[in-house]
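Inspection log for the structure reproduced underneath, given as structure tokens.
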Amino acid sequence: MVQYSYHEPVLVPEIIAFLVTKPGIYVDGTLGGGGHSLAILRALHDAYSSEGSVLIGIDQDGAALQAAAENLKEFEACTVLVKGNFKALDSIVKSVCREKGLQPKVQGILLDLGVSSFQIDTAERGFSYLREGPLDMRMDMDSSFSAAHIVNNYEEKELARLFYIYGEEPRSRSIARAIAAYRLKNGPVSGTEELAGIIRGNAAGRDKIIKTLSRVFQALRIEVNSELEVLRHALDDGIDCLDHQGRMAVISYHSLEDRIVKTVFAEKARSDWGPKGVGLREPLERGAVSLVTRKPVVAARQEIDSNPRARSAKLRVIEKI
Ligand SMILES: C[S@@+](CC[C@H](N)C(=O)[O-])C[C@H]1O[C@@H](n2cnc3c(N)ncnc32)[C@H](O)[C@@H]1O
């Protein structure tokens with residue numbers, strides 16, 4: 001039994017079954033503590049004795065790379081860990097392959113989106129309204145753009161828009177108004193508890209407070225890390241990198257991410273049959289991928305009971321044609 005102290009990965013047997021179909025180059029674009037990577041490497045080892053396989057693990061958080069390096073020690077020889085953003089997946093893969101003298105044709109890509117349990121549980125990272133910490137929320141600690149900048153510098157209107165679009169928060173306007181009034185009176189908001197206090201004072205009804213806090217914190221995190229823009233980019237890039245019959249698996253945790261994954265996968269799978277009524281026998285252009293999962297795969301009750309993070313996980317998989 002593997003112990004996951006950094007982060008317990010979700011849907012592991014499903015990822016292995018969908019993704020690990022041949023030896024080759026695998027990319028884990030969201031390495032975290034390396035839980036999924038370890039499972040992929042073990043499956044490759046068991047099925048093909050690791051020969052001809054390389055796993056490229058990418059994370060923008062230096063702490064994740066450290067934890068993963070420790071967890072993946074037994075497979076050090078066939079693992080390359082890179083600090084970077086998966087929006088640069090294509091150039092990272094090309095540069096690693098150039099160094100190793102490999103063709104940059106990838107067999108499997110995994111994106112397990114969002115933040116790790118380690119990031120959420122580390123108070124100093126400022127991701128959680130349950131822990132007092134600075135208003136930070138950067139996954140990449142080398143970036144200079146933090147949640148404090150947004151909360152203290154965005155105009156009320158911009159804040160409201162952010163909470164509405166990235167948090168889908170119905171009380172976005174009144175929360176933005178409260179933050180603007182608070183900072184005018186008291187100066188900059190400096191910590192997670194201070195911000196949570198302002199939000200609590202504006203949430204409608206006790207039972208809704210937790211949902212509102214989650215939504216506002218989610219909106220800030222998405223903005224700080226440009227999560228939705230980089231996701232679009234990585235899906236396009238990732239599909240370009242895949243070898244024939246190579247697969248990409250994406251696990252998302254909220255509707256905004258899942259909508260993007262679903263839309264991009266559907267667009268890439270669509271063939272162009274020209275204007276209606278022409279009746280072509282062959283499409284003008286075939287879709288670049290096929291949908292391996294028509295509906296998102298979700299975790300079984302047993303997994304949700306032992307790992308609550310799995311509750312909102314949705315897995316979608318495509319295969320390059
Ligand atoms: C849900 S965790 C992944 C956990 C991992 N699957 C495991 O088994 O431990 C998401 C990880 O992806 C990283 N991440 C999120 N967005 C990223 C991006 N655009 N580029 C690189 N890393 C990213 C986060 O820093 C975090 O460590």
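Every chain in the structure tokens has a letter given in the order shown (A, B, ...), and although residue numbers restart at 1 in each chain, ligands are simply numbered from 1 in the order shown.
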Mind listing the residues within 7 Å of ligand 1, only C-alpha atoms and all ligand atoms counted, as a PyMOL selection string?
-> chain A and resi 6-9+29-37+58-61+64+84-87+112-116+139+227+230-231
Using the selection just defined, write its residues with C-alpha atoms as a PDB file, in the first residue's frame.
ATOM      1  CA  TYR A   6       1.889  15.052  -0.138  1.00  0.00           C
ATOM      2  CA  HIS A   7      -1.246  14.362  -2.151  1.00  0.00           C
ATOM      3  CA  GLU A   8      -3.449  11.333  -2.701  1.00  0.00           C
ATOM      4  CA  PRO A   9      -4.038  10.925  -6.446  1.00  0.00           C
ATOM      5  CA  GLY A  29       2.002  17.965 -16.841  1.00  0.00           C
ATOM      6  CA  THR A  30       0.829  18.283 -13.218  1.00  0.00           C
ATOM      7  CA  LEU A  31       3.394  16.218 -11.373  1.00  0.00           C
ATOM      8  CA  GLY A  32       2.458  17.250  -7.799  1.00  0.00           C
ATOM      9  CA  GLY A  33       3.891  14.670  -5.397  1.00  0.00           C
ATOM     10  CA  GLY A  34       4.283  12.213  -8.291  1.00  0.00           C
ATOM     11  CA  GLY A  35       1.468   9.854  -7.227  1.00  0.00           C
ATOM     12  CA  HIS A  36       0.065   9.418 -10.749  1.00  0.00           C
ATOM     13  CA  SER A  37       3.571   9.393 -12.243  1.00  0.00           C
ATOM     14  CA  ILE A  58       6.290  19.015 -15.166  1.00  0.00           C
ATOM     15  CA  ASP A  59       5.187  21.243 -12.290  1.00  0.00           C
ATOM     16  CA  GLN A  60       5.433  24.984 -11.775  1.00  0.00           C
ATOM     17  CA  ASP A  61       5.808  24.529  -8.022  1.00  0.00           C
ATOM     18  CA  ALA A  64       6.143  19.559  -5.846  1.00  0.00           C
ATOM     19  CA  GLY A  84       7.757  24.835 -15.744  1.00  0.00           C
ATOM     20  CA  ASN A  85       4.227  25.647 -16.788  1.00  0.00           C
ATOM     21  CA  PHE A  86       2.308  23.102 -18.829  1.00  0.00           C
ATOM     22  CA  LYS A  87       1.345  25.915 -21.186  1.00  0.00           C
ATOM     23  CA  ASP A 112      -4.623  16.467 -13.162  1.00  0.00           C
ATOM     24  CA  LEU A 113      -5.743  20.061 -12.798  1.00  0.00           C
ATOM     25  CA  GLY A 114      -5.854  22.456  -9.876  1.00  0.00           C
ATOM     26  CA  VAL A 115      -3.911  22.473  -6.643  1.00  0.00           C
ATOM     27  CA  SER A 116      -2.536  19.621  -4.545  1.00  0.00           C
ATOM     28  CA  MET A 139       1.529  27.903  -7.631  1.00  0.00           C
ATOM     29  CA  GLU A 227      -5.569  28.659 -14.946  1.00  0.00           C
ATOM     30  CA  VAL A 230      -3.055  28.015 -19.799  1.00  0.00           C
ATOM     31  CA  LEU A 231      -5.401  25.034 -19.909  1.00  0.00           C
TER      32      LEU A 231
END
Test item, strand (DSSP E) assignment across stretch 4-34 of chain A, answer as a list in words | Ile25, Tyr26, Val27 and Asp28 of chain A
List the neighbours of A:Arg177 out to 12 Å using only C-alpha atoms; skip same-chain residues closer than 6 positions along the sequence, and give me the result as a list in words.
-> Val151, Tyr154, Glu155, Glu156, Lys157, Glu158, Leu159, Ala160, Arg161, Phe163, Arg171, Arg183, Leu184, Ile198, Ile199, Gly201 and Asn202 of chain A
For the residues in that selection, give me C-alpha atoms as a short mmCIF file (atom, residue, chain, number, x, y, z; two decimals), in the first residue's frame.
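Writing done, so here's out.cif:
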data_model
loop_
_atom_site.label_atom_id
_atom_site.label_comp_id
_atom_site.auth_asym_id
_atom_site.auth_seq_id
_atom_site.Cartn_x
_atom_site.Cartn_y
_atom_site.Cartn_z
CA VAL A 151 -7.78 42.00 -3.67
CA TYR A 154 -8.55 45.61 -8.70
CA GLU A 155 -11.44 48.05 -8.98
CA GLU A 156 -14.74 47.01 -7.45
CA LYS A 157 -16.17 46.30 -10.91
CA GLU A 158 -13.24 44.08 -11.87
CA LEU A 159 -13.52 42.15 -8.59
CA ALA A 160 -17.24 41.61 -9.11
CA ARG A 161 -16.63 40.34 -12.64
CA PHE A 163 -16.04 36.52 -8.62
CA ARG A 171 -23.37 37.65 -4.60
CA ARG A 183 -9.90 48.60 2.12
CA LEU A 184 -10.92 52.25 1.81
CA ILE A 198 -15.27 40.35 4.86
CA ILE A 199 -16.83 37.58 2.74
CA GLY A 201 -20.21 39.35 6.50
CA ASN A 202 -21.72 39.35 2.99
#
DSSP alpha helix (DSSP H) residues within stretch 227-278 of chain A, as a VMD selection string = chain A and resid 227 to 241 255 to 269
From A:Ile40, A:Met248, A:Ile260, A:Val27, residue lying nearest A:Pro13 [only C-alpha atoms] | A:Ile40
Write out as a PDB file with C-alpha atoms, in the first residue's frame each polymer residue whose atoms come within 7 Å of A:Gly274, counting only C-alpha atoms; drop sequence neighbours fewer than 2 positions from it.
ATOM      1  CA  ASP A 272     -15.280  19.001 -41.536  1.00  0.00           C
ATOM      2  CA  LYS A 276     -24.789  21.219 -45.419  1.00  0.00           C
ATOM      3  CA  LEU A 284     -12.786  17.785 -46.205  1.00  0.00           C
TER       4      LEU A 284
END
Surrounding residues of A:Leu19 excluding itself and chain neighbours under 4 positions, 10 Å, only C-alpha atoms, as a PDB file with N, CA and C atoms, in the first residue's frame:
ATOM      1  N   PRO A  13      -6.502   3.709 -11.017  1.00  0.00           N
ATOM      2  CA  PRO A  13      -6.655   2.558 -11.932  1.00  0.00           C
ATOM      3  C   PRO A  13      -7.229   2.980 -13.287  1.00  0.00           C
ATOM      4  N   GLU A  14      -8.134   3.977 -13.276  1.00  0.00           N
ATOM      5  CA  GLU A  14      -8.747   4.432 -14.526  1.00  0.00           C
ATOM      6  C   GLU A  14      -7.683   5.081 -15.419  1.00  0.00           C
ATOM      7  N   ILE A  15      -6.823   5.918 -14.807  1.00  0.00           N
ATOM      8  CA  ILE A  15      -5.759   6.592 -15.576  1.00  0.00           C
ATOM      9  C   ILE A  15      -4.838   5.547 -16.211  1.00  0.00           C
ATOM     10  N   TYR A  26       5.932   9.507 -21.903  1.00  0.00           N
ATOM     11  CA  TYR A  26       4.738   9.920 -21.156  1.00  0.00           C
ATOM     12  C   TYR A  26       5.027  11.269 -20.512  1.00  0.00           C
ATOM     13  N   ILE A  40       2.061   5.338 -13.190  1.00  0.00           N
ATOM     14  CA  ILE A  40       2.325   5.166 -14.633  1.00  0.00           C
ATOM     15  C   ILE A  40       3.650   4.420 -14.825  1.00  0.00           C
ATOM     16  N   GLN A 107       3.382   9.326 -26.167  1.00  0.00           N
ATOM     17  CA  GLN A 107       2.402   8.247 -26.095  1.00  0.00           C
ATOM     18  C   GLN A 107       1.243   8.584 -25.162  1.00  0.00           C
ATOM     19  N   GLY A 108       1.556   9.302 -24.076  1.00  0.00           N
ATOM     20  CA  GLY A 108       0.482   9.607 -23.124  1.00  0.00           C
ATOM     21  C   GLY A 108       0.739  10.904 -22.371  1.00  0.00           C
ATOM     22  N   ILE A 109      -0.321  11.679 -22.202  1.00  0.00           N
ATOM     23  CA  ILE A 109      -0.210  12.937 -21.439  1.00  0.00           C
ATOM     24  C   ILE A 109      -1.294  12.931 -20.367  1.00  0.00           C
ATOM     25  N   LEU A 110      -0.903  13.314 -19.158  1.00  0.00           N
ATOM     26  CA  LEU A 110      -1.885  13.457 -18.074  1.00  0.00           C
ATOM     27  C   LEU A 110      -1.860  14.888 -17.552  1.00  0.00           C
ATOM     28  N   GLY A 246      -1.590   7.979 -29.620  1.00  0.00           N
ATOM     29  CA  GLY A 246      -1.219   8.476 -28.296  1.00  0.00           C
ATOM     30  C   GLY A 246      -2.471   9.038 -27.617  1.00  0.00           C
ATOM     31  N   ARG A 247      -2.475   9.068 -26.283  1.00  0.00           N
ATOM     32  CA  ARG A 247      -3.683   9.490 -25.563  1.00  0.00           C
ATOM     33  C   ARG A 247      -3.424  10.637 -24.591  1.00  0.00           C
ATOM     34  N   MET A 248      -4.453  11.437 -24.400  1.00  0.00           N
ATOM     35  CA  MET A 248      -4.371  12.509 -23.406  1.00  0.00           C
ATOM     36  C   MET A 248      -5.527  12.350 -22.428  1.00  0.00           C
ATOM     37  N   ALA A 249      -5.202  12.382 -21.136  1.00  0.00           N
ATOM     38  CA  ALA A 249      -6.224  12.242 -20.086  1.00  0.00           C
ATOM     39  C   ALA A 249      -6.211  13.510 -19.235  1.00  0.00           C
ATOM     40  N   VAL A 317     -10.847  11.558 -21.774  1.00  0.00           N
ATOM     41  CA  VAL A 317      -9.681  11.017 -22.484  1.00  0.00           C
ATOM     42  C   VAL A 317      -9.919  11.078 -24.002  1.00  0.00           C
ATOM     43  N   ILE A 318      -8.888  11.473 -24.747  1.00  0.00           N
ATOM     44  CA  ILE A 318      -8.959  11.419 -26.224  1.00  0.00           C
ATOM     45  C   ILE A 318      -7.773  10.615 -26.745  1.00  0.00           C
ATOM     46  N   GLU A 319      -7.914  10.189 -28.004  1.00  0.00           N
ATOM     47  CA  GLU A 319      -6.801   9.469 -28.654  1.00  0.00           C
ATOM     48  C   GLU A 319      -6.513  10.150 -29.987  1.00  0.00           C
TER      49      GLU A 319
END
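The neighbours of A:Val10 here are the residues that come within 10 Å of it, using only C-alpha atoms and leaving out any residue fewer than 6 positions away in the same chain; they are Gly35, His36, Asp112, Ile251, Val298, Ala299, Glu303, Ile304, Asn307, Pro308, Arg309, Ala310, Arg311, Ala313, Lys314 and Leu315 of chain A.
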Produce a file of the selected residues containing C-alpha atoms, as a JSON list (two decimals), in the first residue's frame.
[["chain", "number", "residue", "atom", "x", "y", "z"],
["A", 35, "GLY", "CA", 1.47, 9.85, -7.23],
["A", 36, "HIS", "CA", 0.06, 9.42, -10.75],
["A", 112, "ASP", "CA", -4.62, 16.47, -13.16],
["A", 251, "ILE", "CA", -8.94, 15.33, -14.70],
["A", 298, "VAL", "CA", -16.16, 9.83, -12.20],
["A", 299, "ALA", "CA", -14.91, 8.16, -9.06],
["A", 303, "GLU", "CA", -12.94, 6.03, -3.63],
["A", 304, "ILE", "CA", -14.95, 9.13, -2.66],
["A", 307, "ASN", "CA", -10.55, 10.40, -0.64],
["A", 308, "PRO", "CA", -13.12, 13.25, -0.61],
["A", 309, "ARG", "CA", -11.13, 15.13, -3.29],
["A", 310, "ALA", "CA", -12.35, 12.50, -5.76],
["A", 311, "ARG", "CA", -15.96, 13.69, -5.35],
["A", 313, "ALA", "CA", -13.14, 14.76, -10.25],
["A", 314, "LYS", "CA", -14.11, 14.31, -13.91],
["A", 315, "LEU", "CA", -11.85, 12.43, -16.28]]
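Minimum atom-to-atom distance to A:Gly62, evaluated using only C-alpha atoms, belongs to A:Asp142 out of A:Asp142, A:Asp240, A:Glu74, A:Asp46.
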So that I can check the surroundings of stretch 190-197 of chain A, please list as a PDB file with N, CA and C atoms, in the first residue's frame every protein, DNA and RNA residue that reaches within 8 Å of it, counting only C-alpha atoms and ignoring chain neighbours fewer than 6 positions away.
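Saved as part_21.pdb:
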ATOM      1  N   GLY A 126      -1.441  30.372   1.292  1.00  0.00           N
ATOM      2  CA  GLY A 126      -2.628  31.240   1.222  1.00  0.00           C
ATOM      3  C   GLY A 126      -3.764  30.738   0.342  1.00  0.00           C
ATOM      4  N   SER A 128      -6.130  28.555   1.297  1.00  0.00           N
ATOM      5  CA  SER A 128      -7.307  28.080   2.025  1.00  0.00           C
ATOM      6  C   SER A 128      -7.903  29.140   2.958  1.00  0.00           C
ATOM      7  N   TYR A 129      -9.237  29.263   2.927  1.00  0.00           N
ATOM      8  CA  TYR A 129      -9.899  30.192   3.852  1.00  0.00           C
ATOM      9  C   TYR A 129      -9.968  29.591   5.258  1.00  0.00           C
ATOM     10  N   LEU A 130      -9.542  28.321   5.379  1.00  0.00           N
ATOM     11  CA  LEU A 130      -9.586  27.662   6.691  1.00  0.00           C
ATOM     12  C   LEU A 130      -8.304  27.871   7.483  1.00  0.00           C
ATOM     13  N   ARG A 131      -7.285  28.407   6.802  1.00  0.00           N
ATOM     14  CA  ARG A 131      -5.984  28.578   7.479  1.00  0.00           C
ATOM     15  C   ARG A 131      -5.511  30.006   7.321  1.00  0.00           C
ATOM     16  N   GLU A 132      -5.062  30.592   8.420  1.00  0.00           N
ATOM     17  CA  GLU A 132      -4.567  31.968   8.356  1.00  0.00           C
ATOM     18  C   GLU A 132      -3.231  31.980   7.616  1.00  0.00           C
ATOM     19  N   GLY A 133      -3.158  32.797   6.580  1.00  0.00           N
ATOM     20  CA  GLY A 133      -1.915  32.898   5.815  1.00  0.00           C
ATOM     21  C   GLY A 133      -1.933  34.165   4.994  1.00  0.00           C
ATOM     22  N   PRO A 134      -0.878  34.441   4.261  1.00  0.00           N
ATOM     23  CA  PRO A 134      -0.861  35.635   3.418  1.00  0.00           C
ATOM     24  C   PRO A 134      -1.788  35.434   2.213  1.00  0.00           C
ATOM     25  N   LEU A 135      -2.216  36.527   1.594  1.00  0.00           N
ATOM     26  CA  LEU A 135      -3.037  36.390   0.383  1.00  0.00           C
ATOM     27  C   LEU A 135      -2.099  36.132  -0.787  1.00  0.00           C
ATOM     28  N   ALA A 148      -2.980  39.021  -3.182  1.00  0.00           N
ATOM     29  CA  ALA A 148      -2.992  40.316  -2.480  1.00  0.00           C
ATOM     30  C   ALA A 148      -3.096  41.458  -3.486  1.00  0.00           C
ATOM     31  N   ILE A 179     -15.461  44.514  -0.150  1.00  0.00           N
ATOM     32  CA  ILE A 179     -13.989  44.538  -0.136  1.00  0.00           C
ATOM     33  C   ILE A 179     -13.499  45.956  -0.419  1.00  0.00           C
ATOM     34  N   LEU A 213     -17.380  31.253   0.303  1.00  0.00           N
ATOM     35  CA  LEU A 213     -15.926  31.337   0.546  1.00  0.00           C
ATOM     36  C   LEU A 213     -15.164  30.520  -0.491  1.00  0.00           C
TER      37      LEU A 213
END
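You will find atom CA of A:Ser306 at 23.7 Å from atom CA of A:Leu41.
Note that atom CA of A:Thr263 and atom CA of A:Arg294 are 12.0 Å apart.
In this model, the gap between atom CA of A:Ser53 and atom CA of A:Ile92 comes to 16.8 Å.
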